[in-house]
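Participant: Here you go, this is input_12.txt (compact mmCIF, C-alpha atoms and all ligand atoms).
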```
# COMPACT_ATOMS: atom_id res chain seq x y z
CA MET A 1 -69.51 49.95 -18.60
CA ASN A 2 -71.87 48.42 -21.15
CA VAL A 3 -74.29 45.77 -19.99
CA ILE A 4 -72.66 42.77 -21.61
CA ASP A 5 -74.79 40.14 -23.28
CA LYS A 6 -72.57 37.07 -23.42
CA ASP A 7 -74.85 35.12 -25.74
CA PRO A 8 -74.17 33.84 -28.29
CA ARG A 9 -70.91 32.74 -26.68
CA ILE A 10 -69.28 31.35 -29.82
CA ILE A 11 -67.21 33.71 -31.97
CA VAL A 12 -66.39 32.10 -35.32
CA ALA A 13 -62.89 33.05 -36.56
CA LEU A 14 -63.13 34.00 -40.24
CA ASP A 15 -59.59 32.99 -41.16
CA PHE A 16 -59.99 33.16 -44.93
CA ALA A 17 -57.77 34.72 -47.59
CA ALA A 18 -60.64 35.81 -49.87
CA LYS A 19 -64.17 37.11 -49.79
CA GLU A 20 -65.97 34.22 -51.54
CA PRO A 21 -65.20 31.39 -49.08
CA ALA A 22 -65.87 33.74 -46.18
CA LEU A 23 -69.27 34.75 -47.59
CA ASP A 24 -70.06 31.13 -48.44
CA LEU A 25 -69.49 30.16 -44.81
CA ILE A 26 -71.40 33.14 -43.43
CA SER A 27 -74.40 32.34 -45.63
CA GLN A 28 -74.68 29.05 -43.69
CA LEU A 29 -74.53 30.71 -40.25
CA ASP A 30 -76.99 32.78 -38.28
CA PRO A 31 -76.38 35.92 -36.18
CA SER A 32 -78.54 34.51 -33.39
CA LEU A 33 -76.16 31.53 -33.05
CA CYS A 34 -72.69 33.08 -33.29
CA ARG A 35 -70.58 36.17 -33.61
CA LEU A 36 -67.78 36.58 -36.17
CA LYS A 37 -64.09 37.46 -35.78
CA VAL A 38 -62.26 39.34 -38.52
CA GLY A 39 -58.48 39.29 -38.13
CA LYS A 40 -55.49 40.94 -39.76
CA GLU A 41 -55.43 38.77 -42.89
CA LEU A 42 -59.03 39.21 -43.96
CA PHE A 43 -59.11 42.87 -42.93
CA THR A 44 -55.94 43.65 -44.84
CA ARG A 45 -57.31 41.93 -47.94
CA LEU A 46 -60.91 43.12 -47.89
CA GLY A 47 -60.85 46.27 -45.80
CA PRO A 48 -63.47 48.08 -43.74
CA ALA A 49 -66.23 47.58 -46.33
CA PHE A 50 -66.28 43.86 -45.59
CA VAL A 51 -66.71 44.50 -41.87
CA GLU A 52 -69.60 46.83 -42.64
CA THR A 53 -71.13 44.13 -44.86
CA LEU A 54 -71.07 41.65 -41.98
CA ALA A 55 -72.60 44.19 -39.60
CA ALA A 56 -75.30 44.95 -42.19
CA MET A 57 -76.08 41.21 -42.32
CA GLY A 58 -76.84 41.40 -38.61
CA PHE A 59 -73.64 39.82 -37.27
CA GLN A 60 -71.77 41.18 -34.29
CA VAL A 61 -68.12 41.49 -35.32
CA PHE A 62 -65.00 41.16 -33.19
CA LEU A 63 -62.35 43.17 -35.05
CA ASP A 64 -59.15 41.38 -34.01
CA LEU A 65 -56.45 43.85 -35.10
CA LYS A 66 -54.55 43.94 -31.77
CA PHE A 67 -53.68 47.64 -31.83
CA HIS A 68 -50.36 48.66 -30.25
CA ASP A 69 -49.10 52.23 -30.69
CA ILE A 70 -48.96 55.55 -28.87
CA PRO A 71 -52.13 56.33 -26.87
CA ASN A 72 -53.57 58.90 -29.28
CA THR A 73 -53.11 56.66 -32.31
CA VAL A 74 -54.67 53.61 -30.64
CA ALA A 75 -57.58 55.69 -29.35
CA ALA A 76 -58.20 57.01 -32.88
CA ALA A 77 -57.99 53.49 -34.35
CA CYS A 78 -60.52 52.22 -31.79
CA GLU A 79 -62.80 55.09 -32.72
CA ALA A 80 -62.47 54.14 -36.40
CA ALA A 81 -63.41 50.56 -35.48
CA ALA A 82 -66.43 51.84 -33.58
CA ASP A 83 -67.48 53.85 -36.65
CA LEU A 84 -67.53 50.56 -38.59
CA GLY A 85 -70.13 49.27 -36.17
CA VAL A 86 -68.03 46.50 -34.64
CA TRP A 87 -69.11 44.80 -31.42
CA MET A 88 -65.62 44.16 -29.98
CA VAL A 89 -62.13 45.50 -30.68
CA ASN A 90 -58.77 44.67 -29.12
CA LEU A 91 -55.33 46.04 -28.38
CA HIS A 92 -52.11 44.82 -26.75
CA ALA A 93 -51.99 45.35 -22.98
CA SER A 94 -48.22 45.76 -23.31
CA GLY A 95 -48.93 49.17 -24.90
CA GLY A 96 -49.38 50.31 -21.29
CA ARG A 97 -51.97 51.76 -18.98
CA ARG A 98 -52.07 55.21 -20.62
CA MET A 99 -52.66 53.65 -24.03
CA MET A 100 -55.47 51.45 -22.71
CA GLU A 101 -57.08 54.32 -20.79
CA ALA A 102 -56.92 56.61 -23.84
CA ALA A 103 -58.72 53.98 -25.94
CA ARG A 104 -61.36 53.36 -23.28
CA GLU A 105 -61.95 57.09 -22.72
CA ARG A 106 -62.35 57.72 -26.46
CA LEU A 107 -64.87 54.91 -26.81
CA GLU A 108 -66.78 55.98 -23.71
CA ARG A 109 -67.64 59.32 -25.34
CA ARG A 110 -69.96 57.45 -27.68
CA PRO A 111 -73.59 56.65 -26.86
CA GLU A 112 -72.91 53.08 -27.97
CA ARG A 113 -69.46 51.60 -28.05
CA PRO A 114 -67.70 48.35 -28.88
CA LEU A 115 -66.37 46.19 -26.08
CA LEU A 116 -62.65 46.77 -25.59
CA VAL A 117 -60.44 43.82 -24.66
CA ALA A 118 -56.68 43.31 -24.46
CA VAL A 119 -54.26 40.64 -25.54
CA THR A 120 -51.89 40.01 -22.63
CA ILE A 121 -49.11 37.66 -23.77
CA LEU A 122 -49.37 35.97 -27.16
CA THR A 123 -49.65 32.23 -26.57
CA SER A 124 -46.95 31.72 -29.20
CA LEU A 125 -44.39 33.19 -26.77
CA ALA A 126 -42.54 30.88 -24.37
CA GLU A 127 -40.45 31.98 -21.39
CA GLY A 128 -37.27 32.20 -23.52
CA ASP A 129 -39.01 34.41 -26.10
CA LEU A 130 -40.20 36.72 -23.32
CA ALA A 131 -36.68 36.93 -21.86
CA GLU A 132 -35.36 38.00 -25.29
CA VAL A 133 -37.67 41.00 -25.31
CA GLY A 134 -36.89 41.88 -21.70
CA TYR A 135 -39.78 40.28 -19.79
CA SER A 136 -38.81 38.24 -16.74
CA GLY A 137 -40.94 35.44 -15.31
CA THR A 138 -43.11 32.79 -16.85
CA PRO A 139 -45.78 33.46 -19.48
CA VAL A 140 -48.54 32.91 -16.88
CA GLU A 141 -46.96 35.39 -14.44
CA ASN A 142 -46.87 37.97 -17.23
CA VAL A 143 -50.45 37.17 -18.27
CA LEU A 144 -51.64 37.75 -14.69
CA ARG A 145 -49.75 41.02 -14.34
CA LEU A 146 -51.08 42.37 -17.64
CA ALA A 147 -54.61 41.08 -16.95
CA LYS A 148 -54.64 43.06 -13.69
CA LEU A 149 -53.30 46.15 -15.48
CA THR A 150 -56.03 45.77 -18.12
CA HIS A 151 -58.68 45.48 -15.41
CA PHE A 152 -57.24 48.49 -13.57
CA SER A 153 -57.31 50.47 -16.86
CA GLY A 154 -61.06 49.92 -17.06
CA LEU A 155 -61.21 47.67 -20.11
CA ASP A 156 -63.93 45.07 -20.53
CA GLY A 157 -61.70 42.00 -20.53
CA ILE A 158 -58.85 40.09 -22.10
CA VAL A 159 -58.19 37.42 -24.69
CA CYS A 160 -56.38 34.48 -23.09
CA SER A 161 -55.79 30.75 -23.35
CA PRO A 162 -58.50 28.65 -21.68
CA LEU A 163 -55.65 27.10 -19.67
CA GLU A 164 -54.96 30.51 -18.10
CA ALA A 165 -58.59 31.48 -17.56
CA ALA A 166 -59.02 30.02 -14.07
CA ALA A 167 -55.88 31.73 -12.74
CA VAL A 168 -56.97 35.07 -14.23
CA ARG A 169 -60.54 34.64 -12.98
CA ASP A 170 -59.21 34.39 -9.39
CA GLN A 171 -57.67 37.87 -9.73
CA VAL A 172 -60.47 39.82 -11.45
CA ASP A 173 -64.20 40.55 -11.05
CA ARG A 174 -66.75 38.11 -12.48
CA ASP A 175 -67.87 40.71 -15.03
CA PHE A 176 -64.35 41.04 -16.52
CA LEU A 177 -64.64 39.17 -19.82
CA LEU A 178 -62.34 36.29 -20.66
CA VAL A 179 -62.38 35.50 -24.37
CA THR A 180 -60.57 32.27 -25.19
CA PRO A 181 -59.33 30.71 -28.44
CA GLY A 182 -57.66 27.27 -28.36
CA VAL A 183 -60.99 25.49 -27.96
CA ARG A 184 -61.74 22.13 -29.57
CA PRO A 185 -64.88 19.97 -29.35
CA HIS A 186 -64.15 16.31 -28.44
CA SER A 187 -64.74 15.18 -32.01
CA ALA A 188 -62.57 17.82 -33.72
CA SER A 189 -59.01 17.70 -35.02
CA LEU A 190 -56.48 19.77 -33.04
CA ASN A 191 -55.08 21.32 -36.27
CA ASP A 192 -52.01 23.29 -35.13
CA GLN A 193 -53.42 24.02 -31.66
CA LYS A 194 -51.45 22.14 -29.02
CA ARG A 195 -52.91 23.10 -25.67
CA VAL A 196 -56.70 23.02 -26.00
CA MET A 197 -59.85 22.59 -23.94
CA THR A 198 -63.35 21.54 -24.88
CA PRO A 199 -65.94 24.35 -25.07
CA LEU A 200 -67.70 23.29 -21.87
CA ALA A 201 -64.44 22.84 -19.95
CA ALA A 202 -63.32 26.31 -21.06
CA LEU A 203 -66.57 27.89 -19.79
CA ASN A 204 -66.42 25.93 -16.53
CA GLY A 205 -62.82 27.13 -16.14
CA GLY A 206 -63.87 30.78 -16.20
CA ALA A 207 -64.05 31.70 -19.90
CA ASP A 208 -67.04 33.80 -21.04
CA MET A 209 -66.81 33.56 -24.81
CA LEU A 210 -65.04 31.14 -27.11
CA VAL A 211 -63.23 31.89 -30.37
CA ILE A 212 -63.52 28.85 -32.62
CA GLY A 213 -62.27 28.64 -36.19
CA ARG A 214 -61.55 25.47 -38.11
CA PRO A 215 -63.84 23.08 -36.20
CA ILE A 216 -66.64 25.19 -37.72
CA THR A 217 -65.13 26.86 -40.80
CA ALA A 218 -63.59 23.64 -42.19
CA ALA A 219 -66.51 21.37 -41.28
CA VAL A 220 -68.49 19.64 -44.03
CA ASP A 221 -71.59 21.15 -42.43
CA PRO A 222 -70.52 24.30 -40.53
CA LEU A 223 -73.99 25.01 -39.14
CA LEU A 224 -74.30 21.47 -37.78
CA SER A 225 -70.86 21.74 -36.20
CA LEU A 226 -71.85 25.06 -34.56
CA GLN A 227 -75.13 23.58 -33.36
CA GLU A 228 -73.30 20.60 -31.84
CA ILE A 229 -71.00 22.93 -29.92
CA LEU A 230 -73.98 25.01 -28.77
CA SER A 231 -75.77 21.92 -27.54
CA ASP A 232 -72.60 20.80 -25.67
CA ILE A 233 -72.54 24.11 -23.78
CA ALA A 234 -76.31 24.48 -23.41
CA GLY A 235 -76.10 23.29 -19.80
CA PHE A 236 -73.74 26.10 -18.88
CA SER A 237 -75.42 29.12 -17.29
CA GLN A 238 -73.49 31.91 -15.58
O1 LIG A 301 -59.09 27.47 -36.20
P1 LIG A 301 -58.88 27.79 -34.76
O2 LIG A 301 -60.04 27.42 -33.86
O3 LIG A 301 -57.57 27.27 -34.23
O4 LIG A 301 -58.81 29.40 -34.75
C1 LIG A 301 -58.57 30.12 -33.58
C2 LIG A 301 -58.52 31.59 -33.84
O5 LIG A 301 -58.08 32.22 -32.65
C3 LIG A 301 -57.57 32.02 -34.94
O6 LIG A 301 -58.13 33.21 -35.54
C4 LIG A 301 -56.29 32.34 -34.20
O7 LIG A 301 -55.51 33.31 -34.83
C5 LIG A 301 -56.85 32.89 -32.89
N1 LIG A 301 -55.94 32.77 -31.77
C6 LIG A 301 -55.45 31.56 -31.30
N2 LIG A 301 -54.61 31.51 -30.24
C7 LIG A 301 -54.27 32.60 -29.63
C8 LIG A 301 -54.74 33.83 -30.05
C9 LIG A 301 -55.59 33.88 -31.14
O8 LIG A 301 -55.76 30.52 -31.85
N3 LIG A 301 -53.48 32.51 -28.59
```
If you convert what's in this file into structure tokens, what do you get?
Facilitator:
Amino acid sequence: MNVIDKDPRIIVALDFAAKEPALDLISQLDPSLCRLKVGKELFTRLGPAFVETLAAMGFQVFLDLKFHDIPNTVAAACEAAADLGVWMVNLHASGGRRMMEAARERLERRPERPLLVAVTILTSLAEGDLAEVGYSGTPVENVLRLAKLTHFSGLDGIVCSPLEAAAVRDQVDRDFLLVTPGVRPHSASLNDQKRVMTPLAALNGGADMLVIGRPITAAVDPLLSLQEILSDIAGFSQ
């Protein structure tokens, strides 16, 4: 297991459809203050070269592509992500233990490797949606089951809602990473997020790192907005 440096704890979600606004935002940020998340939209538009550009600028990149396929394919995709120099990569826990173990084992062959985390249950899925695809129980019950499977498979952590973090934290070691989106500073608009927590409340509830998009990316002064969030959580030390 890597020694995990949790700071900086803020991961800025680069949810942009083009390179220019993304680069404009990044030029106002600093790798000592935040990490960056590249998701399916930006990656599909700009490709691996953009991820390498961010890494070359000194940013640690969370490549949020949520891999889900047969074990060999996911392991190879994680290796390709590692070759890009990313700091964190993710997959779907519902791909199963053998898929997660194959990815972890492939990454562990490297002298340096990205952190590997799993998505348990997408927060867009309610109990009825889960029933339609054959999952019984509530979303939280499924999150806990898949979080434990992820932990058992030797991954570094999961992505989960801050509202689920405390329940997951009770079931896993302190060094199992909980990465949480759905975070909003007091002053920020909710946008389309419905169930949110403030950054400090999320950390106090068991989260380790916070994915934050629009409160920073759509701010008039993104750096100031990031600095305000950092000063809100400055008192947190664990
Ligand atoms: O702008 P905002 O702070 O809502 O962005 C949050 C980021 O986290 C987005 O990239 C979104 O796709 C992601 N995310 C989320 N909720 C989840 C999983 C991922 O908001 N349950």
Participant: Each residue of chain A with at least one atom at most 8 Å from ligand LIG 301 (chain A) should appear once, together with its nearest atom pair and the corresponding distance in Å (one decimal); atoms considered: all atoms listed in the file; ordering: chain, then increasing residue number; output as JSON lines.
Facilitator:
```
{"residue": "A:Ala13", "atom": "CA", "partner": "A:LIG301", "partner_atom": "O6", "distance": 4.9}
{"residue": "A:Leu14", "atom": "CA", "partner": "A:LIG301", "partner_atom": "O6", "distance": 6.9}
{"residue": "A:Asp15", "atom": "CA", "partner": "A:LIG301", "partner_atom": "O6", "distance": 5.8}
{"residue": "A:Lys37", "atom": "CA", "partner": "A:LIG301", "partner_atom": "O6", "distance": 7.3}
{"residue": "A:Val38", "atom": "CA", "partner": "A:LIG301", "partner_atom": "O6", "distance": 8.0}
{"residue": "A:Gly39", "atom": "CA", "partner": "A:LIG301", "partner_atom": "O6", "distance": 6.6}
{"residue": "A:Leu122", "atom": "CA", "partner": "A:LIG301", "partner_atom": "N3", "distance": 5.6}
{"residue": "A:Thr123", "atom": "CA", "partner": "A:LIG301", "partner_atom": "N3", "distance": 4.3}
{"residue": "A:Ser124", "atom": "CA", "partner": "A:LIG301", "partner_atom": "N3", "distance": 6.6}
{"residue": "A:Val159", "atom": "CA", "partner": "A:LIG301", "partner_atom": "C8", "distance": 7.3}
{"residue": "A:Cys160", "atom": "CA", "partner": "A:LIG301", "partner_atom": "N3", "distance": 6.5}
{"residue": "A:Ser161", "atom": "CA", "partner": "A:LIG301", "partner_atom": "N3", "distance": 6.0}
{"residue": "A:Thr180", "atom": "CA", "partner": "A:LIG301", "partner_atom": "C7", "distance": 7.7}
{"residue": "A:Pro181", "atom": "CA", "partner": "A:LIG301", "partner_atom": "O5", "distance": 4.6}
{"residue": "A:Gly182", "atom": "CA", "partner": "A:LIG301", "partner_atom": "O8", "distance": 5.1}
{"residue": "A:Val183", "atom": "CA", "partner": "A:LIG301", "partner_atom": "O2", "distance": 6.3}
{"residue": "A:Arg184", "atom": "CA", "partner": "A:LIG301", "partner_atom": "O2", "distance": 7.0}
{"residue": "A:Leu190", "atom": "CA", "partner": "A:LIG301", "partner_atom": "O3", "distance": 7.7}
{"residue": "A:Asn191", "atom": "CA", "partner": "A:LIG301", "partner_atom": "O3", "distance": 6.8}
{"residue": "A:Asp192", "atom": "CA", "partner": "A:LIG301", "partner_atom": "O3", "distance": 6.9}
{"residue": "A:Gln193", "atom": "CA", "partner": "A:LIG301", "partner_atom": "O3", "distance": 5.9}
{"residue": "A:Val211", "atom": "CA", "partner": "A:LIG301", "partner_atom": "O5", "distance": 5.6}
{"residue": "A:Ile212", "atom": "CA", "partner": "A:LIG301", "partner_atom": "O2", "distance": 4.0}
{"residue": "A:Gly213", "atom": "CA", "partner": "A:LIG301", "partner_atom": "O1", "distance": 3.4}
{"residue": "A:Arg214", "atom": "CA", "partner": "A:LIG301", "partner_atom": "O1", "distance": 3.7}
{"residue": "A:Pro215", "atom": "CA", "partner": "A:LIG301", "partner_atom": "O2", "distance": 6.2}
{"residue": "A:Ile216", "atom": "CA", "partner": "A:LIG301", "partner_atom": "O2", "distance": 8.0}
{"residue": "A:Thr217", "atom": "CA", "partner": "A:LIG301", "partner_atom": "O1", "distance": 7.6}
```
Participant: Which polymer residues, protein or nucleic acid, are no farther than 9 Å from (-73.0, 38.7, -43.7), counting all atoms listed in the file, as a count of residues only?
Facilitator: 16
Participant: Tell me, in Å to one decimal, how far CA of Arg109 (chain A) is from CA of Gly85 (chain A).
Facilitator: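 These two atoms are separated by 15.0 Å.
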Participant: Please, what distance in Å, to one decimal, runs between CA of Asp24 (chain A) and CA of Val220 (chain A)?
Facilitator: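 These atoms are spaced 12.4 Å apart.
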Participant: Taking (-53.1, 52.7, -27.0) in the coordinates of the supplied file, I want to know which residues reach to within 8 Å of it, counting only C-alpha atoms; could you give the answer as a PyMOL selection string?
Facilitator: chain A and resi 67-75+91-92+95-96+98-103
Participant: Report, as AutoDock Vina command-line options, the axis-aligned box around all atoms of region 130-145 of chain A present in the file, extended by 4 Å on each side; give centre and edge lengths in Å to one decimal place.
Facilitator:
```
--center_x -43.5 --center_y 37.3 --center_z -19.8 --size_x 24.3 --size_y 17.1 --size_z 19.0
```
Participant: Which value, in Å to one decimal, gives the distance between CA of Lys19 (chain A) and CA of Arg45 (chain A)?
Facilitator: 8.6 Å
Participant: List the neighbours of Leu115 (chain A) out to 8 Å using all atoms listed in the file; skip same-chain residues closer than 2 positions along the sequence, and give me the result as number ranges by chain.
Facilitator: A: 2, 87-89, 113, 117, 156
Participant: Of the candidates A:Leu36, A:Val168, A:Ala77, A:Ile121, which shows the shortest atom-to-atom distance to Ser94 (chain A), using all atoms listed in the file?
Facilitator: A:Ile121
Participant: Determine, counting only C-alpha atoms, which protein, DNA and RNA residues have an atom within 8 Å of an atom of Ile158 (chain A); residues of the same chain fewer than 3 positions away are not included. Present the result as a VMD selection string.
Facilitator: chain A and resid 117 to 120 147 150 176 to 179
